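Below is one structure, written out as structure tokens; the observations come after it.
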Amino acid sequence: MKPPSIKRFCQHCGEKFYARRKTAEYCSPNCRWKAWRERHPVDEPKGNRVVKQWYTKNQTVNLRECPVCKHSFFATNNQATKKYCSRACCQKAYRQRFEAKRRADVARRVIRHLEAMGCELYFGDTAAR
Ligand SMILES: [Zn+2]
Ligand SMILES: [Zn+2]
């Protein structure tokens, strides 16, 4: 195989690189991946987000995104419920959910208390109750 000799500019980072094919767009798999990610932006972190999927002979392999640390990890289809890349992230997510719930509970209790004392509560433009 002759060495890559066609001068191209990477569609992602703009670096000059040499390719074998005239249609080559990216200097590296990394840039190709980053460009793909930019075209598919992540808005809300959702658990079990499948970023990419492909098939092997026996199983489907999903490249998922961990909603906690945003790293990608692999999960096969038998791990359909696998949401996080690691135990640490799983625990972190659990703690975050727990914290959010606790704070909401406290806020609700305070509001109820103030209402019981006859306070009119206003939350900006929208009354959040
Ligand atoms: Zn590049
Ligand atoms: Zn993670």
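Lettering and numbering for the structure tokens are positional, with chains as A, B, ... in the shown order, residues counted from 1 in each chain, and ligands counted from 1 in the shown order.
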
- [ ] Could you pull out the residues sitting within 12 Å of ligand 1, using only C-alpha atoms and all ligand atoms, and write them as a count of residues only?
- [x] 23

Around ligand 2, which protein and nucleic acid residues have at least one atom no more than 7 Å from it, if we count only C-alpha atoms and all ligand atoms? List them as a PDB file with N, CA and C atoms, in the first residue's frame.
```pdb
ATOM      1  N   CYS A  66     -22.746   8.028  29.761  1.00  0.00           N
ATOM      2  CA  CYS A  66     -23.043   8.077  31.193  1.00  0.00           C
ATOM      3  C   CYS A  66     -23.614   9.456  31.530  1.00  0.00           C
ATOM      4  N   PRO A  67     -24.822   9.518  32.095  1.00  0.00           N
ATOM      5  CA  PRO A  67     -25.442  10.817  32.370  1.00  0.00           C
ATOM      6  C   PRO A  67     -24.724  11.594  33.470  1.00  0.00           C
ATOM      7  N   VAL A  68     -23.860  10.935  34.202  1.00  0.00           N
ATOM      8  CA  VAL A  68     -23.172  11.617  35.297  1.00  0.00           C
ATOM      9  C   VAL A  68     -21.876  12.259  34.834  1.00  0.00           C
ATOM     10  N   CYS A  69     -20.992  11.450  34.265  1.00  0.00           N
ATOM     11  CA  CYS A  69     -19.675  11.987  33.913  1.00  0.00           C
ATOM     12  C   CYS A  69     -19.548  12.273  32.432  1.00  0.00           C
ATOM     13  N   LYS A  70     -20.581  11.961  31.631  1.00  0.00           N
ATOM     14  CA  LYS A  70     -20.616  12.239  30.195  1.00  0.00           C
ATOM     15  C   LYS A  70     -19.613  11.412  29.396  1.00  0.00           C
ATOM     16  N   HIS A  71     -19.027  10.428  30.037  1.00  0.00           N
ATOM     17  CA  HIS A  71     -18.131   9.561  29.287  1.00  0.00           C
ATOM     18  C   HIS A  71     -18.940   8.486  28.583  1.00  0.00           C
ATOM     19  N   TYR A  84     -25.037   3.664  33.896  1.00  0.00           N
ATOM     20  CA  TYR A  84     -23.859   4.435  34.252  1.00  0.00           C
ATOM     21  C   TYR A  84     -22.602   3.652  33.937  1.00  0.00           C
ATOM     22  N   CYS A  85     -21.525   4.396  33.732  1.00  0.00           N
ATOM     23  CA  CYS A  85     -20.286   3.753  33.320  1.00  0.00           C
ATOM     24  C   CYS A  85     -19.662   2.968  34.464  1.00  0.00           C
ATOM     25  N   SER A  86     -19.965   3.356  35.678  1.00  0.00           N
ATOM     26  CA  SER A  86     -19.309   2.726  36.820  1.00  0.00           C
ATOM     27  C   SER A  86     -20.204   2.787  38.045  1.00  0.00           C
ATOM     28  N   CYS A  89     -20.380   6.349  39.522  1.00  0.00           N
ATOM     29  CA  CYS A  89     -21.328   7.249  38.873  1.00  0.00           C
ATOM     30  C   CYS A  89     -22.760   6.898  39.259  1.00  0.00           C
TER      31      CYS A  89
END
```

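Note that CA of Ala93 (chain A) and CA of Leu63 (chain A) are 19.3 Å apart.
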
Open item on the list: What's the separation between CA of Arg39 (chain A) and CA of Arg64 (chain A), in Å to one decimal place?
Closed with: 16.7 Å

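You will find CA of Val61 (chain A) at 19.3 Å from CA of His40 (chain A).
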
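Looking only at region 47-122 of chain A, the set that DSSP places in strand (DSSP E or B) from backbone geometry is Arg49, Val50, Val51, Lys52, Gln53, Trp54, Tyr55, Thr60, Val61, Asn62, Leu63, Arg64, Glu65, Ser72, Phe73, Phe74, Ala75 and Thr76 of chain A.
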
Open item on the list: as a PyMOL selection string, please: every residue in region 12-115 of chain A that a backbone DSSP assignment puts in alpha helix (DSSP H).
Closed with: chain A and resi 29-39+87-115

TODO: Go through A:Arg20, A:Thr76, A:Arg108, A:Lys52 and flag the residue nearest Trp36 (chain A), using only C-alpha atoms for the distances.
DONE: A:Lys52
